[in-house]
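Coordinates from entry-v4.txt are shown below (compact mmCIF, C-alpha atoms).
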```txt
# COMPACT_ATOMS: atom_id res chain seq x y z
CA MET A 1 59.54 83.83 82.24
CA THR A 2 63.29 83.66 81.59
CA LYS A 3 64.45 82.29 78.23
CA HIS A 4 67.84 80.56 78.22
CA VAL A 5 69.72 81.40 75.02
CA ALA A 6 73.18 80.32 73.84
CA ILE A 7 75.40 81.77 71.13
CA ILE A 8 78.09 79.53 69.63
CA GLY A 9 80.73 81.56 67.83
CA ALA A 10 81.59 85.11 68.84
CA GLY A 11 82.97 86.70 65.70
CA VAL A 12 81.37 89.92 64.56
CA VAL A 13 77.97 88.27 63.89
CA GLY A 14 77.81 86.38 67.18
CA ALA A 15 79.21 89.26 69.25
CA SER A 16 76.69 91.66 67.71
CA ALA A 17 73.84 89.24 68.43
CA ALA A 18 75.19 88.89 71.97
CA PHE A 19 75.13 92.64 72.51
CA GLU A 20 71.53 92.90 71.28
CA LEU A 21 70.27 89.92 73.32
CA SER A 22 72.13 91.01 76.46
CA LYS A 23 69.89 94.09 76.61
CA ASP A 24 66.76 91.91 76.93
CA PRO A 25 65.98 91.35 80.64
CA SER A 26 63.89 88.27 79.84
CA ILE A 27 66.91 86.43 78.37
CA LYS A 28 69.69 84.64 80.25
CA LEU A 29 72.53 84.59 77.72
CA THR A 30 75.58 82.34 77.47
CA ILE A 31 78.23 82.88 74.78
CA TYR A 32 80.63 80.13 73.68
CA ASP A 33 83.75 80.87 71.68
CA GLU A 34 86.97 78.87 71.60
CA GLY A 35 88.80 81.84 70.10
CA THR A 36 90.87 80.00 67.48
CA GLY A 37 91.09 81.07 63.84
CA GLN A 38 88.23 83.51 63.93
CA GLY A 39 88.22 85.65 60.79
CA THR A 40 87.01 88.75 62.62
CA TYR A 41 89.98 88.92 64.98
CA ALA A 42 92.41 88.87 62.07
CA ALA A 43 90.43 91.30 59.97
CA ALA A 44 90.73 95.01 59.39
CA GLY A 45 87.77 96.01 57.30
CA ILE A 46 86.78 98.73 54.90
CA ILE A 47 83.17 99.83 55.32
CA SER A 48 82.58 101.03 51.77
CA PRO A 49 80.30 98.59 49.91
CA TRP A 50 78.99 101.09 47.37
CA LEU A 51 82.02 100.99 45.08
CA SER A 52 81.46 97.42 43.92
CA ARG A 53 80.37 96.13 40.53
CA ARG A 54 78.96 92.92 41.99
CA ARG A 55 75.49 92.44 40.53
CA ASN A 56 73.78 90.44 43.29
CA LYS A 57 71.11 92.90 44.43
CA LYS A 58 70.26 91.00 47.63
CA TRP A 59 73.92 90.90 48.64
CA TYR A 60 74.22 94.61 47.91
CA ARG A 61 71.16 95.39 50.03
CA MET A 62 72.73 93.51 52.97
CA VAL A 63 76.07 95.32 52.79
CA LYS A 64 74.53 98.71 51.97
CA GLU A 65 72.21 98.53 54.96
CA GLY A 66 75.04 97.05 57.02
CA ALA A 67 77.18 100.12 56.36
CA ALA A 68 74.31 102.47 57.18
CA PHE A 69 73.66 100.52 60.40
CA TYR A 70 77.13 101.05 61.88
CA PRO A 71 76.99 104.61 63.32
CA GLY A 72 73.71 104.12 65.20
CA PHE A 73 74.74 100.64 66.34
CA LEU A 74 78.02 101.88 67.80
CA CYS A 75 76.27 104.81 69.43
CA ASP A 76 73.97 102.28 71.13
CA VAL A 77 76.93 100.13 72.21
CA MET A 78 78.71 103.16 73.65
CA GLY A 79 75.61 104.50 75.39
CA GLY A 80 75.76 107.70 73.37
CA ASP A 81 79.50 108.27 73.83
CA ALA A 82 81.89 108.40 70.88
CA VAL A 83 83.49 105.12 69.88
CA SER A 84 87.27 104.94 69.98
CA PRO A 85 88.94 105.66 66.62
CA PHE A 86 91.05 102.57 67.31
CA VAL A 87 87.82 100.58 66.79
CA TYR A 88 85.98 102.49 64.04
CA ARG A 89 86.51 105.74 62.19
CA ASN A 90 84.94 107.49 59.21
CA VAL A 91 87.98 108.41 57.09
CA GLY A 92 86.71 108.15 53.51
CA THR A 93 87.63 105.71 50.74
CA LEU A 94 89.89 105.98 47.71
CA LEU A 95 89.25 103.59 44.81
CA ILE A 96 92.37 103.71 42.62
CA LYS A 97 92.30 102.47 39.02
CA LYS A 98 94.60 102.95 36.04
CA LYS A 99 91.85 103.49 33.48
CA PRO A 100 90.07 106.87 33.76
CA GLU A 101 86.98 105.45 32.03
CA TYR A 102 86.62 102.89 34.83
CA LEU A 103 86.62 105.63 37.45
CA ARG A 104 84.02 107.59 35.50
CA GLU A 105 81.85 104.48 35.30
CA MET A 106 82.18 103.89 39.06
CA LEU A 107 81.42 107.57 39.74
CA ALA A 108 78.17 107.22 37.77
CA ILE A 109 77.29 104.04 39.67
CA GLY A 110 78.07 105.72 42.99
CA GLU A 111 75.97 108.77 42.20
CA LYS A 112 73.04 106.55 41.31
CA ARG A 113 73.43 104.49 44.48
CA ARG A 114 73.69 107.60 46.62
CA LEU A 115 70.01 108.33 45.92
CA ASP A 116 69.03 105.64 48.45
CA ALA A 117 72.35 105.50 50.32
CA PRO A 118 73.22 109.10 51.26
CA GLU A 119 75.82 107.77 53.68
CA ILE A 120 78.14 107.42 50.66
CA GLY A 121 78.84 111.11 51.15
CA ASP A 122 80.71 113.24 48.65
CA LEU A 123 81.90 111.59 45.43
CA LYS A 124 84.69 112.98 43.31
CA ILE A 125 87.51 111.82 41.06
CA LEU A 126 90.81 113.00 42.56
CA SER A 127 94.09 113.62 40.75
CA SER A 128 97.32 112.04 41.98
CA GLU A 129 98.25 115.36 43.63
CA GLU A 130 94.91 115.48 45.46
CA ILE A 131 95.53 111.93 46.65
CA ARG A 132 98.92 113.00 48.03
CA ASN A 133 97.19 115.76 49.97
CA LYS A 134 95.31 113.01 51.82
CA ILE A 135 98.10 110.38 51.93
CA PRO A 136 101.53 112.05 51.71
CA VAL A 137 103.41 108.81 50.90
CA TYR A 138 101.46 108.19 47.66
CA GLU A 139 103.94 108.05 44.77
CA GLY A 140 101.69 106.88 41.94
CA SER A 141 100.27 108.80 39.00
CA ASP A 142 96.83 107.20 38.89
CA SER A 143 93.63 109.01 39.83
CA ALA A 144 91.08 107.75 42.35
CA LEU A 145 87.39 107.90 43.11
CA TRP A 146 86.83 109.52 46.51
CA ALA A 147 83.83 108.58 48.70
CA SER A 148 83.81 110.60 51.90
CA GLY A 149 81.42 108.22 53.70
CA GLY A 150 83.85 105.29 53.76
CA ALA A 151 85.07 104.01 57.12
CA ARG A 152 87.38 101.40 58.58
CA VAL A 153 87.05 99.06 61.52
CA ASP A 154 89.39 96.85 63.54
CA GLY A 155 87.56 93.53 63.81
CA GLY A 156 89.27 92.28 66.95
CA LYS A 157 88.77 95.51 68.87
CA LEU A 158 85.12 95.68 67.78
CA VAL A 159 84.43 92.13 68.98
CA ASP A 160 86.20 92.78 72.29
CA LEU A 161 84.04 95.89 72.80
CA LEU A 162 80.81 94.04 72.01
CA LEU A 163 81.61 91.07 74.25
CA HIS A 164 82.76 93.29 77.10
CA THR A 165 79.48 95.22 76.91
CA ALA A 166 77.40 92.03 76.72
CA VAL A 167 79.13 90.63 79.83
CA GLU A 168 78.59 93.94 81.62
CA ASN A 169 74.90 93.54 80.74
CA GLY A 170 74.85 90.12 82.45
CA ALA A 171 75.85 87.63 79.74
CA THR A 172 78.23 84.76 80.51
CA LEU A 173 81.23 84.22 78.20
CA ILE A 174 82.75 80.72 78.08
CA ARG A 175 86.05 80.41 76.20
CA LYS A 176 85.69 76.74 75.31
CA ARG A 177 84.80 74.63 72.29
CA ALA A 178 81.08 73.85 72.28
CA GLU A 179 79.19 70.84 70.93
CA LEU A 180 75.48 70.97 70.10
CA ALA A 181 72.81 68.30 70.65
CA GLN A 182 69.03 68.35 70.45
CA THR A 183 67.19 67.32 73.61
CA GLY A 184 63.45 67.16 72.96
CA ASP A 185 62.35 70.70 72.21
CA LYS A 186 65.50 72.16 73.77
CA TYR A 187 69.24 72.14 73.03
CA THR A 188 72.13 70.78 75.04
CA ILE A 189 75.53 72.40 74.71
CA ARG A 190 78.57 70.57 76.01
CA ALA A 191 81.84 72.34 76.77
CA ASP A 192 84.58 70.33 78.51
CA GLU A 193 82.20 67.69 79.89
CA SER A 194 79.87 70.36 81.25
CA ASP A 195 76.33 70.30 79.82
CA GLN A 196 73.80 73.13 79.78
CA LEU A 197 70.25 73.18 78.47
CA PHE A 198 68.90 76.05 76.34
CA ASP A 199 65.55 77.09 74.90
CA SER A 200 67.13 78.70 71.83
CA VAL A 201 70.54 78.80 70.17
CA VAL A 202 72.33 81.13 67.75
CA LEU A 203 74.90 79.37 65.57
CA SER A 204 77.33 82.03 64.37
CA SER A 205 80.39 79.85 63.93
CA ALA A 206 81.13 80.95 60.32
CA ALA A 207 83.30 78.36 58.53
CA TRP A 208 82.91 75.95 61.46
CA LEU A 209 79.12 75.69 61.04
CA PRO A 210 79.35 72.38 59.08
CA MET A 211 81.27 70.75 61.95
CA LEU A 212 78.82 72.09 64.52
CA LEU A 213 75.78 70.68 62.68
CA GLU A 214 77.33 67.44 61.37
CA PRO A 215 76.47 65.44 64.56
CA LEU A 216 72.82 66.40 63.99
CA ASN A 217 73.05 64.88 60.49
CA TYR A 218 73.19 68.11 58.51
CA GLU A 219 75.29 69.04 55.54
CA VAL A 220 76.21 72.68 55.10
CA ASP A 221 77.35 74.39 51.92
CA ILE A 222 80.24 76.33 53.45
CA ARG A 223 83.94 76.23 52.70
CA PRO A 224 86.79 77.96 54.56
CA GLN A 225 89.09 80.48 52.94
CA LYS A 226 92.35 81.57 54.52
CA GLY A 227 93.25 85.25 54.73
CA GLN A 228 96.66 86.60 55.76
CA LEU A 229 97.41 90.24 56.54
CA ALA A 230 100.46 92.31 57.47
CA VAL A 231 100.67 95.31 59.77
CA LEU A 232 103.28 97.84 58.63
CA GLU A 233 104.79 100.64 60.71
CA LEU A 234 105.18 104.18 59.33
CA THR A 235 106.67 105.71 62.46
CA ASP A 236 107.23 109.16 60.94
CA PHE A 237 103.56 109.71 60.11
CA GLU A 238 100.30 110.09 62.00
CA THR A 239 98.12 107.85 59.86
CA GLY A 240 94.88 107.82 61.83
CA SER A 241 93.05 110.24 59.55
CA TRP A 242 94.29 108.76 56.26
CA PRO A 243 91.55 107.29 54.05
CA VAL A 244 91.34 103.61 53.30
CA VAL A 245 92.54 102.62 49.85
CA MET A 246 91.13 100.08 47.43
CA PRO A 247 93.85 99.68 44.78
CA GLN A 248 93.83 97.27 41.88
CA GLY A 249 94.23 93.67 42.99
CA GLU A 250 92.79 91.56 45.79
CA ALA A 251 94.16 93.46 48.82
CA ASP A 252 93.45 96.81 50.45
CA ILE A 253 95.47 99.43 52.32
CA ILE A 254 93.92 100.32 55.67
CA PRO A 255 95.64 102.98 57.81
CA PHE A 256 95.05 103.09 61.56
CA GLU A 257 96.28 105.28 64.39
CA GLN A 258 99.94 105.56 65.47
CA GLY A 259 101.52 104.84 62.11
CA ARG A 260 99.97 101.39 61.64
CA VAL A 261 98.91 100.44 58.12
CA VAL A 262 97.29 97.08 57.41
CA ILE A 263 97.84 95.41 54.03
CA GLY A 264 95.56 92.52 53.15
CA ALA A 265 94.22 90.13 52.81
CA THR A 266 95.11 87.08 50.79
CA HIS A 267 92.30 84.88 49.44
CA GLU A 268 93.52 81.30 49.77
CA ASN A 269 91.24 78.40 49.00
CA ASP A 270 91.90 74.72 49.77
CA GLN A 271 93.88 75.54 52.91
CA GLY A 272 91.35 74.09 55.33
CA PHE A 273 91.76 75.73 58.72
CA ASP A 274 95.52 76.25 58.49
CA LEU A 275 96.42 79.49 60.27
CA SER A 276 100.19 79.38 59.78
CA ILE A 277 101.81 82.52 58.39
CA ASP A 278 103.50 82.21 55.02
CA GLU A 279 105.79 85.24 55.08
CA SER A 280 106.77 84.86 51.44
CA LYS A 281 103.14 84.93 50.36
CA VAL A 282 102.41 87.97 52.50
CA ARG A 283 105.58 89.66 51.19
CA THR A 284 104.32 89.15 47.65
CA LEU A 285 100.98 90.66 48.69
CA ILE A 286 102.73 93.71 50.16
CA ASP A 287 104.88 94.21 47.06
CA GLU A 288 101.90 93.89 44.69
CA THR A 289 99.61 96.10 46.76
CA ALA A 290 101.90 98.74 48.22
CA GLY A 291 104.72 98.67 45.67
CA SER A 292 102.97 100.75 43.01
CA PHE A 293 101.34 102.93 45.68
CA SER A 294 104.36 103.90 47.75
CA GLN A 295 107.87 102.50 48.01
CA GLN A 296 108.05 104.02 51.47
CA LEU A 297 105.05 101.95 52.50
CA SER A 298 106.28 98.85 50.70
CA GLN A 299 109.62 99.04 52.51
CA ALA A 300 108.14 99.78 55.93
CA LYS A 301 108.80 97.40 58.82
CA VAL A 302 106.31 94.57 59.27
CA SER A 303 105.37 94.67 62.95
CA ASN A 304 102.80 91.90 62.94
CA TYR A 305 101.10 89.24 60.83
CA ARG A 306 97.51 88.07 61.13
CA SER A 307 95.74 85.01 59.80
CA GLY A 308 92.08 84.04 59.91
CA THR A 309 89.38 82.00 58.22
CA ARG A 310 86.47 83.35 56.16
CA ALA A 311 83.32 81.41 55.25
CA TYR A 312 81.92 81.19 51.73
CA THR A 313 79.00 79.35 50.15
CA SER A 314 79.42 77.77 46.72
CA ASP A 315 77.66 80.72 45.05
CA TYR A 316 79.24 83.36 47.35
CA ALA A 317 75.85 84.38 48.75
CA PRO A 318 75.26 84.84 52.51
CA PHE A 319 72.38 83.30 54.43
CA PHE A 320 70.65 83.49 57.80
CA GLY A 321 67.49 82.21 59.45
CA GLU A 322 66.03 79.33 61.42
CA VAL A 323 67.79 76.03 60.74
CA PRO A 324 65.36 73.73 58.85
CA GLY A 325 64.11 71.07 61.24
CA LEU A 326 65.58 72.73 64.34
CA PRO A 327 62.97 75.02 65.90
CA HIS A 328 64.44 78.02 67.75
CA ALA A 329 67.93 77.36 66.35
CA TYR A 330 69.16 80.21 64.16
CA ALA A 331 72.27 80.41 62.03
CA ALA A 332 74.13 82.72 59.66
CA SER A 333 77.20 82.25 57.51
CA GLY A 334 78.69 82.85 54.07
CA LEU A 335 79.50 86.54 54.57
CA GLY A 336 83.05 86.05 53.32
CA SER A 337 85.19 89.18 53.08
CA THR A 338 82.18 91.44 53.72
CA GLY A 339 81.65 90.03 57.21
CA LEU A 340 82.79 93.19 58.96
CA THR A 341 80.47 95.33 56.85
CA ALA A 342 77.33 93.21 57.22
CA GLY A 343 78.08 91.36 60.45
CA PRO A 344 76.58 93.75 63.03
CA LEU A 345 73.30 94.00 61.12
CA VAL A 346 73.10 90.24 60.54
CA GLY A 347 73.80 89.71 64.23
CA LYS A 348 70.91 91.99 65.11
CA CYS A 349 68.67 90.08 62.70
CA LEU A 350 69.52 86.80 64.48
CA ALA A 351 68.75 88.42 67.82
CA GLN A 352 65.42 89.63 66.48
CA LEU A 353 64.54 86.11 65.33
CA VAL A 354 65.29 84.78 68.83
CA GLN A 355 63.02 87.47 70.28
CA GLY A 356 60.22 86.78 67.80
CA ILE A 357 60.67 90.15 66.10
CA PRO A 358 60.63 90.47 62.29
CA PRO A 359 64.28 91.00 61.29
CA GLU A 360 65.44 94.21 59.67
CA LEU A 361 66.56 92.26 56.59
CA PRO A 362 63.97 90.06 54.82
CA VAL A 363 64.91 86.51 55.77
CA GLU A 364 63.43 85.15 52.52
CA ASP A 365 66.12 86.95 50.54
CA TYR A 366 68.88 84.97 52.28
CA PRO A 367 67.37 81.46 52.40
CA ILE A 368 69.17 79.22 54.86
CA GLY A 369 67.43 76.12 53.50
CA GLN A 370 69.37 76.45 50.27
CA TYR A 371 72.66 75.89 52.14
CA VAL A 372 71.81 73.94 55.31
CA LYS A 373 70.10 70.60 54.64
CA LYS A 374 69.23 67.51 56.61
CA ARG A 375 70.87 64.39 55.22
CA ASP A 376 68.73 61.47 54.13
CA ARG A 377 69.22 58.65 56.59
```
Kindly return the structure encoded in the file as structure tokens.
Amino acid sequence: MTKHVAIIGAGVVGASAAFELSKDPSIKLTIYDEGTGQGTYAAAGIISPWLSRRRNKKWYRMVKEGAAFYPGFLCDVMGGDAVSPFVYRNVGTLLIKKKPEYLREMLAIGEKRRLDAPEIGDLKILSSEEIRNKIPVYEGSDSALWASGGARVDGGKLVDLLLHTAVENGATLIRKRAELAQTGDKYTIRADESDQLFDSVVLSSAAWLPMLLEPLNYEVDIRPQKGQLAVLELTDFETGSWPVVMPQGEADIIPFEQGRVVIGATHENDQGFDLSIDESKVRTLIDETAGSFSQQLSQAKVSNYRSGTRAYTSDYAPFFGEVPGLPHAYAASGLGSTGLTAGPLVGKCLAQLVQGIPPELPVEDYPIGQYVKKRDR
């Protein structure tokens, strides 16, 4: 018997769930995504969750297992072929700090974490000269902690790959805004006056989840956060093999192929869903992030700006699971700036819930009922 399943929201979580569900011959899959403001399309992510001092063990388990999930997941997506380095590449991570004692502390933490996360790879504190051997434009004097297992991913290219593969597998992609209603034990989705009925739905609309569930009388503990990035051009260098850099401050340095280096992102609260580019704010971000790293990088031409919206809960913890009071409706949100690290694994977990399979992450550790609640009438 065919099960009709819809996914609303095709960022990294929804696109990953779509890929997994599109492989199931018993499922007829429809994906809805308006394509406006999605955080994934703006994002360039560092897959290196091990070098964090955040103490939330459940969050760390999600991102640690999310990082370990990537290589096998992409191998599955590619049918055993190598994924394009424009999408994902293992290049290593450099954590740069001014205080040597901080690097020694993070080295000890990393070595301990490597016992159950061997994908961290080699760990070593590098001198400024050793950093320059990896990134020739580095002009600083600070040392860095090197983790060879770090990787980087282009969010937009990853989502395009996943959706393309899902459509090739038979899924239908509808680029329209979707509205959700409950119809008995099924769900009606309306897009431009066209209604379709589904047995199960996956709600992966990130910061837009509150608006999607509000007509069903739910309140959702999610707020949007704006992130702006800049793409710089270093035309005299082949940057594809350069490691990603986590300097001091809120932004990262993420080199890609063909001389492109992404600087970002800002973390802007109370901006709603505003996607406009504030060039002065991004310029400040570039100066603060790249200025002490490399004047050559700081002065490079800005070829492009990106802006997107992240989703955060009030306690910064992610959640996923079946929506309370809505049987066979599953949602995830609150991944924030770690969405690209954890998103593919969370998407698979949502797909497993649709299929009646125990998810790879324990759903009780990420309780949706704490963040998604039915209003009292």
Residues near stretch 1-3 of chain A, anyone? I mean within 7 Å using only C-alpha atoms, not counting same-chain ones fewer than 3 positions away, as a PyMOL selection string. chain A and resi 26-28+199
Output file for the selection above: C-alpha atoms, as a PDB file, keeping the file's coordinate frame:
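Once everything was written out, this is result_23.pdb:
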```
ATOM      1  CA  SER A  26      63.890  88.270  79.840  1.00  0.00           C
ATOM      2  CA  ILE A  27      66.910  86.430  78.370  1.00  0.00           C
ATOM      3  CA  LYS A  28      69.690  84.640  80.250  1.00  0.00           C
ATOM      4  CA  ASP A 199      65.550  77.090  74.900  1.00  0.00           C
TER       5      ASP A 199
END
```
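When the distance limit is 12 Å and only C-alpha atoms are what count, the residues near A:Tyr102, minus those fewer than 2 positions from it on the same chain, are Leu51, Ser52, Arg53, Leu95, Ile96, Lys97, Lys98, Lys99, Pro100, Arg104, Glu105, Met106, Leu107, Ala108, Ile109, Ile125, Asp142, Ser143, Ala144, Leu145 and Gln248 of chain A.
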Any chance you could export the current selection's C-alpha atoms as a PDB file, in the frame of the given file?
```pdb
ATOM      1  CA  LEU A  51      82.020 100.990  45.080  1.00  0.00           C
ATOM      2  CA  SER A  52      81.460  97.420  43.920  1.00  0.00           C
ATOM      3  CA  ARG A  53      80.370  96.130  40.530  1.00  0.00           C
ATOM      4  CA  LEU A  95      89.250 103.590  44.810  1.00  0.00           C
ATOM      5  CA  ILE A  96      92.370 103.710  42.620  1.00  0.00           C
ATOM      6  CA  LYS A  97      92.300 102.470  39.020  1.00  0.00           C
ATOM      7  CA  LYS A  98      94.600 102.950  36.040  1.00  0.00           C
ATOM      8  CA  LYS A  99      91.850 103.490  33.480  1.00  0.00           C
ATOM      9  CA  PRO A 100      90.070 106.870  33.760  1.00  0.00           C
ATOM     10  CA  ARG A 104      84.020 107.590  35.500  1.00  0.00           C
ATOM     11  CA  GLU A 105      81.850 104.480  35.300  1.00  0.00           C
ATOM     12  CA  MET A 106      82.180 103.890  39.060  1.00  0.00           C
ATOM     13  CA  LEU A 107      81.420 107.570  39.740  1.00  0.00           C
ATOM     14  CA  ALA A 108      78.170 107.220  37.770  1.00  0.00           C
ATOM     15  CA  ILE A 109      77.290 104.040  39.670  1.00  0.00           C
ATOM     16  CA  ILE A 125      87.510 111.820  41.060  1.00  0.00           C
ATOM     17  CA  ASP A 142      96.830 107.200  38.890  1.00  0.00           C
ATOM     18  CA  SER A 143      93.630 109.010  39.830  1.00  0.00           C
ATOM     19  CA  ALA A 144      91.080 107.750  42.350  1.00  0.00           C
ATOM     20  CA  LEU A 145      87.390 107.900  43.110  1.00  0.00           C
ATOM     21  CA  GLN A 248      93.830  97.270  41.880  1.00  0.00           C
TER      22      GLN A 248
END
```
Calculate how many Å separate atom CA of A:Pro255 from atom CA of A:Arg89, rounding to one decimal.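 Computed distance, atom CA of A:Pro255 to atom CA of A:Arg89, equals 10.5 Å.
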Put the listed atoms of stretch 15-34 of chain A in a box along x, y and z with 8 Å added on every side and give me the centre and edge lengths in Å to one decimal, as AutoDock Vina command-line options.
```
--center_x 75.4 --center_y 86.5 --center_z 74.2 --size_x 39.1 --size_y 31.2 --size_z 28.9
```
Option closest in space to A:Trp146, from A:Ser16, A:Ser128, A:Asn56, A:Ser307 [counting only C-alpha atoms]: A:Ser128
Would you tabulate, counting all atoms listed in the file, all residues of stretch 61-136 of chain A that have an atom at most 12 Å from an atom of stretch 164-175 of chain A, showing the closest pair of atoms and their distance in Å to one decimal, sorted by chain then ascending number, as JSON lines?
```
{"residue": "A:Leu74", "atom": "CA", "partner": "A:Thr165", "partner_atom": "CA", "distance": 11.4}
{"residue": "A:Asp76", "atom": "CA", "partner": "A:Thr165", "partner_atom": "CA", "distance": 10.7}
{"residue": "A:Val77", "atom": "CA", "partner": "A:Thr165", "partner_atom": "CA", "distance": 7.3}
{"residue": "A:Met78", "atom": "CA", "partner": "A:Thr165", "partner_atom": "CA", "distance": 8.6}
{"residue": "A:Gly79", "atom": "CA", "partner": "A:Thr165", "partner_atom": "CA", "distance": 10.2}
```
Tell me which protein, DNA and RNA residues are within 12 Å of stretch 286-288 of chain A, counting all atoms listed in the file, leaving out same-chain ones fewer than 5 positions away, and put them as a ChimeraX atom specification. /A:228-232,247-253,261-266,279-281,293-302,305
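Counting from atom CA of A:Leu335, the distance to atom CA of A:Ala206 is 8.2 Å.
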Selected residue, from A:Ile222, A:Ala329, A:Leu158, A:Ile368, that lies nearest to A:Leu209 when counting only C-alpha atoms: A:Ile222
Do you know which residues lie at most 12 Å from (66.2, 74.3, 56.2), with coordinates as in the file and all atoms listed in the file counted, and could you write them as a ChimeraX atom specification? /A:218-221,319-327,329-331,364,366-375
